[in-house]
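The file run00.cif contains mmCIF, C-alpha atoms:
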data_input
#
loop_
_atom_site.label_atom_id
_atom_site.label_comp_id
_atom_site.auth_asym_id
_atom_site.auth_seq_id
_atom_site.Cartn_x
_atom_site.Cartn_y
_atom_site.Cartn_z
CA MET A 241 -13.42 26.12 17.38
CA VAL A 242 -12.59 28.32 14.41
CA PHE A 243 -11.98 25.23 12.25
CA MET A 244 -15.22 23.54 13.33
CA ARG A 245 -17.17 26.75 12.72
CA PHE A 246 -15.66 26.92 9.25
CA MET A 247 -16.60 23.29 8.62
CA ASN A 248 -20.18 23.88 9.73
CA GLU A 249 -20.58 26.76 7.30
CA ARG A 250 -20.13 24.22 4.47
CA LYS A 251 -18.74 26.81 2.08
CA ASN A 252 -15.65 25.96 0.11
CA LYS A 253 -14.85 23.32 2.71
CA ILE A 254 -13.14 20.62 0.67
CA GLY A 255 -11.41 23.25 -1.45
CA PHE A 256 -9.93 24.75 1.70
CA ILE A 257 -8.67 21.35 2.86
CA LEU A 258 -7.16 20.62 -0.56
CA CYS A 259 -5.36 23.98 -0.42
CA ILE A 260 -3.89 23.09 2.99
CA GLY A 261 -2.73 19.73 1.62
CA LEU A 262 -1.22 21.37 -1.46
CA ILE A 263 0.62 24.04 0.55
CA LEU A 264 2.15 21.49 2.95
CA ARG A 265 3.26 19.22 0.10
CA VAL A 266 4.74 22.05 -1.95
CA LEU A 267 6.59 23.48 1.04
CA SER A 268 8.06 20.08 1.91
CA LEU A 269 8.96 19.57 -1.75
CA PHE A 270 11.54 22.36 -1.45
CA TYR A 271 13.48 20.21 1.01
CA PHE A 272 13.26 17.08 -1.18
CA TRP A 273 14.06 18.95 -4.41
CA ASP A 274 16.87 17.14 -6.28
CA MET A 275 17.34 14.73 -3.35
CA PRO A 276 18.91 11.44 -4.48
CA LEU A 277 17.31 8.09 -3.80
CA THR A 278 18.35 6.56 -0.48
CA ILE A 279 16.02 3.58 0.05
CA VAL A 280 16.67 0.15 -1.50
CA ASP A 281 13.14 -0.14 -2.89
CA GLU A 282 13.42 3.31 -4.48
CA ASN A 283 16.59 2.25 -6.28
CA HIS A 284 14.97 -0.98 -7.46
CA TYR A 285 11.97 0.82 -8.95
CA GLN A 286 14.28 3.37 -10.54
CA ALA A 287 16.53 0.72 -12.08
CA ILE A 288 13.56 -1.10 -13.61
CA ALA A 289 12.13 2.17 -14.93
CA GLU A 290 15.42 3.00 -16.65
CA HIS A 291 15.62 -0.46 -18.24
CA LEU A 292 12.04 -0.08 -19.46
CA ILE A 293 13.09 3.11 -21.23
CA ASN A 294 16.52 2.03 -22.48
CA ASP A 295 16.06 -1.70 -23.17
CA GLN A 296 12.26 -2.09 -23.26
CA GLN A 297 12.76 -4.78 -20.61
CA PHE A 298 11.35 -5.17 -17.12
CA ALA A 299 14.71 -5.88 -15.50
CA LEU A 300 16.96 -4.88 -12.62
CA GLU A 301 20.03 -5.78 -14.69
CA SER A 302 20.36 -5.34 -18.43
CA GLY A 303 19.41 -8.52 -20.30
CA GLU A 304 18.00 -10.22 -17.19
CA PRO A 305 14.20 -9.81 -17.16
CA THR A 306 12.65 -10.24 -13.73
CA SER A 307 9.35 -10.73 -11.95
CA ILE A 308 10.70 -9.58 -8.58
CA ARG A 309 8.58 -6.42 -8.42
CA PRO A 310 5.00 -5.54 -9.42
CA PRO A 311 5.09 -3.64 -12.73
CA LEU A 312 2.83 -0.60 -12.41
CA TYR A 313 5.02 1.70 -10.33
CA PRO A 314 8.17 1.27 -12.50
CA ALA A 315 5.92 1.83 -15.54
CA PHE A 316 4.53 4.93 -13.81
CA LEU A 317 8.08 6.25 -13.33
CA SER A 318 9.17 5.49 -16.89
CA GLY A 319 6.04 7.16 -18.27
CA ILE A 320 6.84 10.36 -16.38
CA TYR A 321 10.46 10.26 -17.56
CA LEU A 322 9.39 9.81 -21.17
CA LEU A 323 6.98 12.74 -20.91
CA THR A 324 9.57 15.01 -19.28
CA GLY A 325 12.42 13.97 -21.56
CA GLY A 326 14.76 12.61 -18.91
CA ILE A 327 15.24 11.15 -15.44
CA HIS A 328 13.61 13.77 -13.24
CA PHE A 329 12.84 12.69 -9.69
CA ASN A 330 11.25 16.07 -9.03
CA ALA A 331 8.72 15.47 -11.80
CA VAL A 332 7.69 12.24 -10.07
CA ARG A 333 7.29 14.09 -6.77
CA ILE A 334 5.11 16.72 -8.41
CA VAL A 335 2.88 14.10 -10.04
CA GLN A 336 2.62 12.29 -6.71
CA ILE A 337 1.43 15.52 -5.10
CA VAL A 338 -1.44 15.49 -7.60
CA PHE A 339 -2.28 11.88 -6.70
CA SER A 340 -2.07 12.70 -3.01
CA LEU A 341 -4.54 15.56 -3.45
CA ALA A 342 -6.83 13.25 -5.42
CA THR A 343 -6.64 10.83 -2.48
CA ILE A 344 -7.71 13.59 -0.10
CA TYR A 345 -10.77 14.16 -2.26
CA LEU A 346 -11.52 10.43 -2.40
CA ILE A 347 -11.39 10.23 1.39
CA TYR A 348 -13.86 13.11 1.55
CA LEU A 349 -16.23 11.25 -0.79
CA LEU A 350 -15.87 7.97 1.09
CA GLY A 351 -16.46 9.54 4.49
CA GLY A 352 -19.54 11.31 3.18
CA ARG A 353 -20.89 8.15 1.57
CA LEU A 354 -20.33 5.94 4.62
CA LEU A 355 -21.25 8.36 7.40
CA SER A 356 -21.74 12.08 6.80
CA GLU A 357 -20.15 15.05 5.05
CA PRO A 358 -18.52 16.40 8.26
CA VAL A 359 -16.92 13.00 8.82
CA GLY A 360 -15.61 13.01 5.24
CA LEU A 361 -14.24 16.52 5.71
CA LEU A 362 -12.51 15.64 8.97
CA ALA A 363 -10.99 12.48 7.50
CA ALA A 364 -9.77 14.43 4.46
CA PHE A 365 -8.29 17.10 6.72
CA ILE A 366 -6.46 14.48 8.80
CA PHE A 367 -4.95 12.92 5.67
CA SER A 368 -3.97 16.32 4.28
CA VAL A 369 -1.92 17.28 7.36
CA TYR A 370 -0.73 13.86 8.59
CA PRO A 371 3.11 14.05 8.62
CA SER A 372 3.91 10.59 7.23
CA PHE A 373 1.50 10.96 4.29
CA ILE A 374 3.21 14.24 3.39
CA PHE A 375 6.62 12.58 3.73
CA PHE A 376 5.78 9.65 1.45
CA THR A 377 4.60 12.03 -1.26
CA HIS A 378 8.25 12.78 -2.02
CA LEU A 379 9.65 9.24 -2.02
CA LEU A 380 9.83 7.11 -5.15
CA LEU A 381 7.82 4.34 -3.52
CA THR A 382 4.42 2.80 -4.21
CA GLU A 383 2.61 4.30 -1.19
CA VAL A 384 1.04 7.30 -2.92
CA LEU A 385 -0.10 5.55 -6.10
CA PHE A 386 -1.27 2.43 -4.25
CA THR A 387 -3.25 4.40 -1.65
CA PHE A 388 -5.04 6.29 -4.41
CA LEU A 389 -5.89 3.13 -6.37
CA PHE A 390 -6.90 1.22 -3.24
CA LEU A 391 -9.32 3.93 -2.09
CA LEU A 392 -10.62 4.33 -5.64
CA PHE A 393 -11.42 0.61 -5.68
CA ILE A 394 -13.21 0.84 -2.31
CA PHE A 395 -15.21 3.82 -3.55
CA PHE A 396 -16.44 2.12 -6.72
CA PHE A 397 -17.10 -1.17 -4.94
CA LEU A 398 -19.27 0.61 -2.38
CA VAL A 399 -21.05 2.53 -5.13
CA PHE A 400 -21.74 -0.79 -6.85
CA LEU A 401 -23.17 -2.28 -3.65
CA LYS A 402 -25.73 0.55 -3.65
CA LYS A 403 -26.50 0.93 -7.37
CA LYS A 404 -25.85 -2.61 -8.67
CA GLU A 405 -24.79 -1.34 -12.11
CA ASN A 406 -22.77 -3.59 -14.42
CA ARG A 407 -20.37 -0.90 -15.61
CA ILE A 408 -19.47 0.03 -12.02
CA ILE A 409 -18.47 -3.49 -10.97
CA LEU A 410 -16.49 -3.87 -14.20
CA PHE A 411 -14.61 -0.66 -13.42
CA ALA A 412 -14.08 -1.80 -9.81
CA GLY A 413 -12.42 -4.96 -11.17
CA VAL A 414 -10.17 -2.86 -13.41
CA ILE A 415 -9.10 -0.63 -10.52
CA LEU A 416 -8.48 -3.66 -8.30
CA GLY A 417 -6.24 -5.04 -11.06
CA PHE A 418 -4.24 -1.82 -11.23
CA GLY A 419 -3.91 -1.84 -7.43
CA ALA A 420 -2.66 -5.43 -7.49
CA LEU A 421 -0.04 -4.53 -10.10
CA THR A 422 1.16 -1.76 -7.80
CA ARG A 423 1.42 -3.85 -4.63
CA SER A 424 0.87 -7.58 -4.86
CA ILE A 425 -0.74 -7.80 -1.42
CA LEU A 426 -3.99 -6.78 -3.13
CA TYR A 427 -4.14 -9.41 -5.87
CA PRO A 428 -5.74 -12.22 -3.79
CA PHE A 429 -8.51 -9.80 -2.78
CA LEU A 430 -10.31 -10.72 -6.01
CA MET A 431 -11.54 -13.93 -4.34
CA ILE A 432 -12.82 -12.06 -1.29
CA GLY A 433 -14.65 -9.60 -3.54
CA LEU A 434 -16.26 -12.47 -5.43
CA VAL A 435 -17.43 -14.19 -2.24
CA TYR A 436 -18.79 -10.92 -0.90
CA ILE A 437 -20.78 -10.24 -4.08
CA ALA A 438 -22.11 -13.81 -4.18
CA ILE A 439 -23.30 -13.82 -0.57
CA PHE A 440 -24.22 -10.26 0.33
CA CYS A 441 -25.38 -8.57 -2.89
CA ALA A 442 -29.14 -8.82 -3.24
CA GLY A 443 -30.17 -9.89 -6.72
CA SER A 444 -31.29 -12.76 -8.88
CA PHE A 445 -28.99 -15.66 -9.67
CA SER A 446 -28.45 -14.45 -13.24
CA LYS A 447 -27.61 -10.94 -12.06
CA LYS A 448 -25.08 -12.28 -9.56
CA ILE A 449 -23.42 -14.38 -12.25
CA THR A 450 -23.20 -11.30 -14.47
CA TRP A 451 -21.68 -9.18 -11.69
CA LEU A 452 -19.16 -11.87 -10.79
CA ALA A 453 -18.16 -12.32 -14.44
CA LEU A 454 -17.75 -8.56 -14.99
CA PHE A 455 -15.69 -8.17 -11.80
CA VAL A 456 -13.36 -10.97 -12.91
CA LEU A 457 -13.24 -9.64 -16.47
CA GLY A 458 -12.17 -6.18 -15.36
CA TYR A 459 -9.49 -7.66 -13.12
CA VAL A 460 -8.17 -10.17 -15.68
CA LEU A 461 -7.99 -7.53 -18.42
CA ILE A 462 -5.39 -5.72 -16.30
CA VAL A 463 -3.56 -8.50 -14.44
CA GLY A 464 -3.87 -11.21 -17.11
CA PRO A 465 -1.26 -9.99 -19.63
CA TRP A 466 1.32 -9.50 -16.87
CA ALA A 467 0.59 -12.93 -15.37
CA VAL A 468 1.03 -14.54 -18.81
CA ARG A 469 4.36 -12.73 -19.27
CA ASN A 470 5.56 -13.87 -15.84
CA THR A 471 4.46 -17.44 -16.34
CA ILE A 472 6.29 -17.70 -19.67
CA LEU A 473 9.41 -16.11 -18.19
CA GLN A 474 9.45 -18.13 -14.96
CA LYS A 475 8.13 -21.39 -16.47
CA SER A 476 5.53 -21.60 -13.69
CA PHE A 477 2.51 -19.53 -12.75
CA VAL A 478 3.30 -16.10 -11.28
CA ALA A 479 0.38 -13.68 -10.97
CA VAL A 480 2.19 -10.46 -9.99
CA ASP A 481 5.66 -10.91 -8.46
CA THR A 482 8.03 -13.41 -6.89
CA THR A 483 8.53 -11.94 -3.42
CA GLY A 484 5.52 -13.23 -1.48
CA GLY A 485 7.06 -16.57 -0.53
CA LEU A 486 10.45 -15.04 0.23
CA ASN A 487 8.89 -12.43 2.52
CA MET A 488 6.81 -15.09 4.24
CA TYR A 489 9.90 -17.20 4.88
CA MET A 490 11.93 -14.26 6.22
CA GLY A 491 9.05 -13.61 8.63
CA ASN A 492 8.87 -17.26 9.70
CA TYR A 493 12.19 -19.03 10.21
CA GLU A 494 14.52 -19.68 13.12
CA HIS A 495 16.34 -16.32 12.98
CA THR A 496 13.35 -14.03 12.34
CA PRO A 497 13.69 -11.16 14.85
CA PHE A 498 11.00 -11.31 17.53
CA ASN A 499 10.52 -7.56 17.31
CA ARG A 500 10.64 -5.74 13.96
CA ALA A 501 10.38 -8.99 11.99
CA TRP A 502 10.94 -7.13 8.71
CA THR A 503 14.58 -6.51 9.66
CA ALA A 504 15.27 -10.17 8.82
CA VAL A 505 16.32 -8.85 5.42
CA ASP A 506 19.27 -7.09 7.10
CA LEU A 507 20.54 -10.00 9.19
CA PRO A 508 24.18 -11.08 8.73
CA ALA A 509 24.93 -13.88 6.26
CA GLU A 510 25.24 -16.55 8.97
CA GLN A 511 21.62 -15.88 10.02
CA SER A 512 20.19 -15.24 6.58
CA TRP A 513 17.19 -17.19 5.29
CA TYR A 514 19.28 -18.69 2.48
CA ARG A 515 22.11 -19.91 4.74
CA GLY A 516 22.97 -23.51 3.85
CA TYR A 517 20.77 -23.51 0.74
CA GLU A 518 23.03 -21.51 -1.58
CA ALA A 519 23.75 -24.40 -3.95
CA LEU A 520 20.11 -25.46 -4.11
CA LEU A 521 18.87 -21.93 -4.80
CA ALA A 522 21.52 -21.24 -7.44
CA GLY A 523 19.80 -23.54 -9.93
CA MET A 524 16.28 -22.17 -9.39
CA THR A 525 14.29 -19.54 -11.22
CA GLU A 526 12.78 -16.65 -9.23
CA ALA A 527 9.43 -18.42 -9.15
CA GLN A 528 10.97 -21.69 -7.95
CA LYS A 529 12.83 -19.87 -5.18
CA ASP A 530 9.62 -18.15 -4.14
CA ALA A 531 7.67 -21.42 -4.07
CA TRP A 532 10.47 -23.14 -2.14
CA ALA A 533 10.59 -20.31 0.40
CA SER A 534 6.81 -20.42 0.84
CA GLN A 535 6.94 -24.14 1.57
CA GLN A 536 9.81 -23.66 4.04
CA ALA A 537 7.80 -21.02 5.87
CA LYS A 538 4.70 -23.24 6.08
CA THR A 539 6.77 -26.12 7.41
CA PHE A 540 8.36 -23.90 10.07
CA ILE A 541 4.95 -22.56 11.13
CA LEU A 542 3.49 -26.06 11.49
CA ASN A 543 6.52 -27.28 13.46
CA ASN A 544 6.69 -24.20 15.72
CA LYS A 545 3.09 -23.30 16.47
CA LEU A 546 3.63 -21.67 19.88
CA LEU A 547 6.59 -19.59 18.71
CA THR A 548 4.63 -18.56 15.61
CA LEU A 549 1.66 -17.52 17.75
CA LYS A 550 3.90 -15.35 19.95
CA ARG A 551 5.54 -13.78 16.93
CA ASP A 552 2.20 -13.17 15.24
CA LEU A 553 0.84 -11.31 18.26
CA VAL A 554 3.85 -8.99 18.08
CA LYS A 555 3.50 -8.61 14.30
CA ALA A 556 -0.19 -7.72 14.59
CA ALA A 557 0.66 -5.06 17.17
CA SER A 558 3.50 -3.78 14.98
CA PHE A 559 1.18 -3.52 11.97
CA TRP A 560 -1.08 -1.16 13.91
CA GLY A 561 1.85 0.56 15.60
CA LEU A 562 3.40 3.96 15.10
CA GLU A 563 4.94 4.38 11.66
CA ARG A 564 8.64 5.17 12.12
CA GLU A 565 9.95 5.29 8.56
CA MET A 566 10.71 9.00 8.50
CA ILE A 567 12.33 8.97 11.95
CA GLY A 568 14.36 5.88 11.01
CA GLY A 569 15.48 7.51 7.76
CA ILE A 570 16.66 10.60 9.62
CA LEU A 571 18.58 8.51 12.16
CA ALA A 572 20.15 6.55 9.29
CA GLY A 573 21.43 9.81 7.78
CA HIS A 574 19.22 9.70 4.68
CA TYR A 575 17.89 13.24 5.14
CA PRO A 576 20.69 15.78 5.79
CA GLY A 577 19.85 18.67 8.06
CA LEU A 578 16.95 16.94 9.78
CA GLU A 579 19.20 15.06 12.19
CA HIS A 580 19.67 18.20 14.32
CA PRO A 581 18.33 17.25 17.80
CA VAL A 582 15.76 20.07 17.91
CA ILE A 583 14.40 19.27 14.44
CA LEU A 584 14.43 15.52 15.09
CA VAL A 585 12.56 15.91 18.39
CA PHE A 586 10.00 18.20 16.71
CA ILE A 587 9.37 15.75 13.85
CA THR A 588 9.18 12.82 16.27
CA LEU A 589 6.62 14.63 18.44
CA MET A 590 4.60 15.58 15.35
CA ILE A 591 4.46 11.99 14.11
CA PHE A 592 3.84 10.49 17.54
CA GLY A 593 1.21 13.09 18.44
CA SER A 594 -0.57 12.73 15.11
CA TYR A 595 -0.67 8.96 15.44
CA VAL A 596 -2.05 9.07 18.99
CA LEU A 597 -4.72 11.65 18.14
CA VAL A 598 -5.88 9.76 15.06
CA ALA A 599 -5.88 6.37 16.81
CA ILE A 600 -7.87 7.64 19.80
CA GLY A 601 -10.13 9.72 17.56
CA ALA A 602 -10.88 6.71 15.37
CA VAL A 603 -11.93 4.60 18.37
CA PHE A 604 -14.21 7.30 19.76
CA GLY A 605 -15.51 8.11 16.30
CA LEU A 606 -16.61 4.52 15.77
CA ALA A 607 -18.16 4.37 19.23
CA TYR A 608 -20.15 7.61 19.00
CA HIS A 609 -20.87 7.97 15.30
CA PHE A 610 -21.66 4.44 14.23
CA GLN A 611 -24.24 4.87 11.50
CA LEU A 612 -22.91 2.44 8.92
CA LYS A 613 -25.17 -0.04 7.24
CA ARG A 614 -24.57 -3.68 8.08
CA HIS A 615 -23.03 -4.57 4.72
CA ASP A 616 -20.79 -1.48 4.74
CA ILE A 617 -19.55 -2.42 8.20
CA LEU A 618 -18.87 -5.97 7.09
CA PHE A 619 -16.96 -4.82 4.01
CA LEU A 620 -14.72 -2.51 6.05
CA VAL A 621 -14.13 -5.22 8.67
CA ILE A 622 -13.13 -7.62 5.89
CA LEU A 623 -10.67 -5.05 4.50
CA LEU A 624 -9.11 -4.46 7.91
CA GLY A 625 -8.94 -8.18 8.66
CA TYR A 626 -7.47 -8.97 5.25
CA PHE A 627 -4.52 -6.58 5.53
CA THR A 628 -3.95 -7.27 9.22
CA GLY A 629 -3.98 -11.02 8.62
CA ILE A 630 -1.48 -10.97 5.76
CA HIS A 631 0.91 -8.63 7.57
CA THR A 632 0.61 -10.69 10.74
CA ILE A 633 1.67 -13.83 8.89
CA ILE A 634 4.55 -12.12 7.12
CA PHE A 635 6.29 -9.04 8.59
CA GLY A 636 3.80 -6.90 10.53
CA HIS A 637 5.39 -3.76 9.09
CA SER A 638 3.49 -0.61 10.01
#

As structure tokens, the full file:
Amino acid sequence: MVFMRFMNERKNKIGFILCIGLILRVLSLFYFWDMPLTIVDENHYQAIAEHLINDQQFALESGEPTSIRPPLYPAFLSGIYLLTGGIHFNAVRIVQIVFSLATIYLIYLLGGRLLSEPVGLLAAFIFSVYPSFIFFTHLLLTEVLFTFLFLLFIFFFLVFLKKKENRIILFAGVILGFGALTRSILYPFLMIGLVYIAIFCAGSFSKKITWLALFVLGYVLIVGPWAVRNTILQKSFVAVDTTGGLNMYMGNYEHTPFNRAWTAVDLPAEQSWYRGYEALLAGMTEAQKDAWASQQAKTFILNNKLLTLKRDLVKAASFWGLEREMIGGILAGHYPGLEHPVILVFITLMIFGSYVLVAIGAVFGLAYHFQLKRHDILFLVILLGYFTGIHTIIFGHS
């Protein structure tokens, strides 16, 4: 009641929420201060960042340039290290706190634009206190940067749908490009954006052509140079990275786990996706391996339709399921001190309780506060369907 009364006063509301978010992230930073990297992906991004600084090469190993990861996050890390004069994980965590706070503000703006200011405030408050979002602020992973760029793209795209200004759709294309270079799942969304503009944006034929061209131009200005670099390196077209086909195959072959399909990456050698193909793969480039894996996955799906359907139902549920990364990390011993039973139970209840409250609240919120315009609804449904569909086909990771 006190919180809702404060919200209704509409004085200093978003500033108050940002302060809460800042306090929680700074307090948790004390625990993560000087903590080494424990996750494989963190170490990959860090290795590439160091090679960017030392060798001016995008590589996991010195002298072996790669396309295995999208480039923006390693570049983000190396930029921070150059500015701070050394490898400082804490500096990255501090910068990510700033991006996380900016995301809170973006959520406030989006909620206000789509529904109402109170909805924007409540959504911003949820994000500011949600345990997993606080946790990811301190990991050297793409989540914080990608979430900011993704929401920034949505914001400018929605602004364009209302104002129909050329500079806005150009900027939306630029932001989409940066998002795609952070996580490659976003790069095919260019086509969906183009179709949406062509069909649902009111305007003359010449205006639509201009908007489509500007959207593509903004995107290509960002993604294009990296795609050219990859294509030259790999001797075949690679837009962002060379993991999409591999991930798809690991999520769709005979030994893919029925539950937690993403754990296929940890299966023993005798059940690995490359088992029996070692000699064939040895002579391939990264891009060739990725294309081969994609074709293998498609063949398996076509030959095992019923099994694939069963798996996909589980993957779709997993995608919308409780996020367990922090709990899993504690159980794996990555975060000393948090494995104490009392602390672990408390964190588990916090994450589980937060997830349940947000999930139920979202359903009731849509049911009782459904004031979106038709095109806004359609755009959000497309976004949800896009990410759910891709994760359902591949891993279904939460």

Near His378 (chain A), within 9 Å and counting only C-alpha atoms, which residues show up once chain neighbours fewer than 3 positions away are dropped, as a ChimeraX atom specification? /A:265,268-269,272-273,329-330,332-334,336-337,374-375,381

Identify, on the basis of all atoms listed in the file, every residue whose closest approach to Val399 (chain A) does not exceed 10 Å; exclude the query and any residue fewer than 2 positions from it along the same chain; express the result as JSON, numbers by chain. {"A": [350, 353, 393, 394, 395, 396, 397, 401, 402, 403, 404, 405, 408, 409, 412]}

Using only C-alpha atoms: which of A:Val369, A:Ala289, A:Leu300, A:Val598 has the shortest distance to Leu322 (chain A):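 Of A:Val369, A:Ala289, A:Leu300, A:Val598, the one nearest Leu322 (chain A), counting only C-alpha atoms, is A:Ala289.
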
Pick the closest to Leu553 (chain A) from A:Ala501, A:Leu584, A:Val335, A:Ile279: which is it, counting only C-alpha atoms? A:Ala501

State, in Å with one decimal place, the distance from CA of Thr377 (chain A) to CA of Phe627 (chain A). 21.8 Å

Can you work out which one of A:Glu301, A:Asp552, A:Asp616, A:Glu565 has the shortest atom-to-atom distance to Thr632 (chain A), counting only C-alpha atoms?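 Between A:Glu301, A:Asp552, A:Asp616, A:Glu565, the residue approaching Thr632 (chain A) most closely is A:Asp552.
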
Matched chain/residue IDs from the PyMOL selection byres ((chain A and resi 537-543) around 12), as a PDB file with C-alpha atoms, in the frame of the given file:
ATOM      1  CA  GLY A 484       5.520 -13.230  -1.480  1.00  0.00           C
ATOM      2  CA  GLY A 485       7.060 -16.570  -0.530  1.00  0.00           C
ATOM      3  CA  LEU A 486      10.450 -15.040   0.230  1.00  0.00           C
ATOM      4  CA  ASN A 487       8.890 -12.430   2.520  1.00  0.00           C
ATOM      5  CA  MET A 488       6.810 -15.090   4.240  1.00  0.00           C
ATOM      6  CA  TYR A 489       9.900 -17.200   4.880  1.00  0.00           C
ATOM      7  CA  MET A 490      11.930 -14.260   6.220  1.00  0.00           C
ATOM      8  CA  GLY A 491       9.050 -13.610   8.630  1.00  0.00           C
ATOM      9  CA  ASN A 492       8.870 -17.260   9.700  1.00  0.00           C
ATOM     10  CA  TYR A 493      12.190 -19.030  10.210  1.00  0.00           C
ATOM     11  CA  GLU A 494      14.520 -19.680  13.120  1.00  0.00           C
ATOM     12  CA  HIS A 495      16.340 -16.320  12.980  1.00  0.00           C
ATOM     13  CA  THR A 496      13.350 -14.030  12.340  1.00  0.00           C
ATOM     14  CA  TRP A 513      17.190 -17.190   5.290  1.00  0.00           C
ATOM     15  CA  ASP A 530       9.620 -18.150  -4.140  1.00  0.00           C
ATOM     16  CA  ALA A 531       7.670 -21.420  -4.070  1.00  0.00           C
ATOM     17  CA  TRP A 532      10.470 -23.140  -2.140  1.00  0.00           C
ATOM     18  CA  ALA A 533      10.590 -20.310   0.400  1.00  0.00           C
ATOM     19  CA  SER A 534       6.810 -20.420   0.840  1.00  0.00           C
ATOM     20  CA  GLN A 535       6.940 -24.140   1.570  1.00  0.00           C
ATOM     21  CA  GLN A 536       9.810 -23.660   4.040  1.00  0.00           C
ATOM     22  CA  ASN A 544       6.690 -24.200  15.720  1.00  0.00           C
ATOM     23  CA  LYS A 545       3.090 -23.300  16.470  1.00  0.00           C
ATOM     24  CA  LEU A 546       3.630 -21.670  19.880  1.00  0.00           C
ATOM     25  CA  LEU A 547       6.590 -19.590  18.710  1.00  0.00           C
ATOM     26  CA  THR A 548       4.630 -18.560  15.610  1.00  0.00           C
ATOM     27  CA  LEU A 549       1.660 -17.520  17.750  1.00  0.00           C
ATOM     28  CA  LYS A 550       3.900 -15.350  19.950  1.00  0.00           C
ATOM     29  CA  ARG A 551       5.540 -13.780  16.930  1.00  0.00           C
ATOM     30  CA  ASP A 552       2.200 -13.170  15.240  1.00  0.00           C
ATOM     31  CA  ILE A 633       1.670 -13.830   8.890  1.00  0.00           C
ATOM     32  CA  ILE A 634       4.550 -12.120   7.120  1.00  0.00           C
TER      33      ILE A 634
END

Given the file above and the PyMOL selection byres ((chain A and resi 567-569) around 10), which residues are selected, and can you give them as an MDAnalysis selection string? chainID A and resid 278:279 372 563:566 570:576 578:579 584:585 587:588 591

Need to verify the contact set: region 290-297 of chain A, 9 Å, only C-alpha atoms, exclusion of same-chain residues closer than 3 positions in sequence. Can you return it as a ChimeraX atom specification? /A:285-287,300-306,314-315,317-319,321-322,327

Selection result for the PyMOL selection byres ((chain A and resi 475) around 12) on this file, as a PDB file with C-alpha atoms, keeping the file's coordinate frame:
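And here's selection26.pdb as it stands now:
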ATOM      1  CA  SER A 307       9.350 -10.730 -11.950  1.00  0.00           C
ATOM      2  CA  ALA A 467       0.590 -12.930 -15.370  1.00  0.00           C
ATOM      3  CA  VAL A 468       1.030 -14.540 -18.810  1.00  0.00           C
ATOM      4  CA  ARG A 469       4.360 -12.730 -19.270  1.00  0.00           C
ATOM      5  CA  ASN A 470       5.560 -13.870 -15.840  1.00  0.00           C
ATOM      6  CA  THR A 471       4.460 -17.440 -16.340  1.00  0.00           C
ATOM      7  CA  ILE A 472       6.290 -17.700 -19.670  1.00  0.00           C
ATOM      8  CA  LEU A 473       9.410 -16.110 -18.190  1.00  0.00           C
ATOM      9  CA  GLN A 474       9.450 -18.130 -14.960  1.00  0.00           C
ATOM     10  CA  SER A 476       5.530 -21.600 -13.690  1.00  0.00           C
ATOM     11  CA  PHE A 477       2.510 -19.530 -12.750  1.00  0.00           C
ATOM     12  CA  VAL A 478       3.300 -16.100 -11.280  1.00  0.00           C
ATOM     13  CA  MET A 524      16.280 -22.170  -9.390  1.00  0.00           C
ATOM     14  CA  THR A 525      14.290 -19.540 -11.220  1.00  0.00           C
ATOM     15  CA  GLU A 526      12.780 -16.650  -9.230  1.00  0.00           C
ATOM     16  CA  ALA A 527       9.430 -18.420  -9.150  1.00  0.00           C
ATOM     17  CA  GLN A 528      10.970 -21.690  -7.950  1.00  0.00           C
TER      18      GLN A 528
END

In terms of all atoms listed in the file, the residue from A:Ser444, A:Ser558, A:Thr483, A:Ser368 at minimal distance from Leu262 (chain A) is A:Ser368

In Å and to one decimal, CA of Met431 (chain A) is distant from CA of Thr628 (chain A) by 16.9 Å

Do you know which residues lie at most 10 Å from (9.6, 1.7, -4.7), with coordinates as in the file and only C-alpha atoms counted, and could you write them as a PDB file with C-alpha atoms, in the coordinates of the input?
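Now in part26.pdb:
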ATOM      1  CA  ILE A 279      16.020   3.580   0.050  1.00  0.00           C
ATOM      2  CA  VAL A 280      16.670   0.150  -1.500  1.00  0.00           C
ATOM      3  CA  ASP A 281      13.140  -0.140  -2.890  1.00  0.00           C
ATOM      4  CA  GLU A 282      13.420   3.310  -4.480  1.00  0.00           C
ATOM      5  CA  ASN A 283      16.590   2.250  -6.280  1.00  0.00           C
ATOM      6  CA  HIS A 284      14.970  -0.980  -7.460  1.00  0.00           C
ATOM      7  CA  TYR A 285      11.970   0.820  -8.950  1.00  0.00           C
ATOM      8  CA  GLN A 286      14.280   3.370 -10.540  1.00  0.00           C
ATOM      9  CA  ARG A 309       8.580  -6.420  -8.420  1.00  0.00           C
ATOM     10  CA  PRO A 310       5.000  -5.540  -9.420  1.00  0.00           C
ATOM     11  CA  TYR A 313       5.020   1.700 -10.330  1.00  0.00           C
ATOM     12  CA  PRO A 314       8.170   1.270 -12.500  1.00  0.00           C
ATOM     13  CA  LEU A 317       8.080   6.250 -13.330  1.00  0.00           C
ATOM     14  CA  LEU A 379       9.650   9.240  -2.020  1.00  0.00           C
ATOM     15  CA  LEU A 380       9.830   7.110  -5.150  1.00  0.00           C
ATOM     16  CA  LEU A 381       7.820   4.340  -3.520  1.00  0.00           C
ATOM     17  CA  THR A 382       4.420   2.800  -4.210  1.00  0.00           C
ATOM     18  CA  GLU A 383       2.610   4.300  -1.190  1.00  0.00           C
ATOM     19  CA  THR A 422       1.160  -1.760  -7.800  1.00  0.00           C
ATOM     20  CA  ARG A 423       1.420  -3.850  -4.630  1.00  0.00           C
TER      21      ARG A 423
END

Atomic distance CA of His580 (chain A) - CA of Phe592 (chain A), expressed in Å with one decimal: 17.9 Å
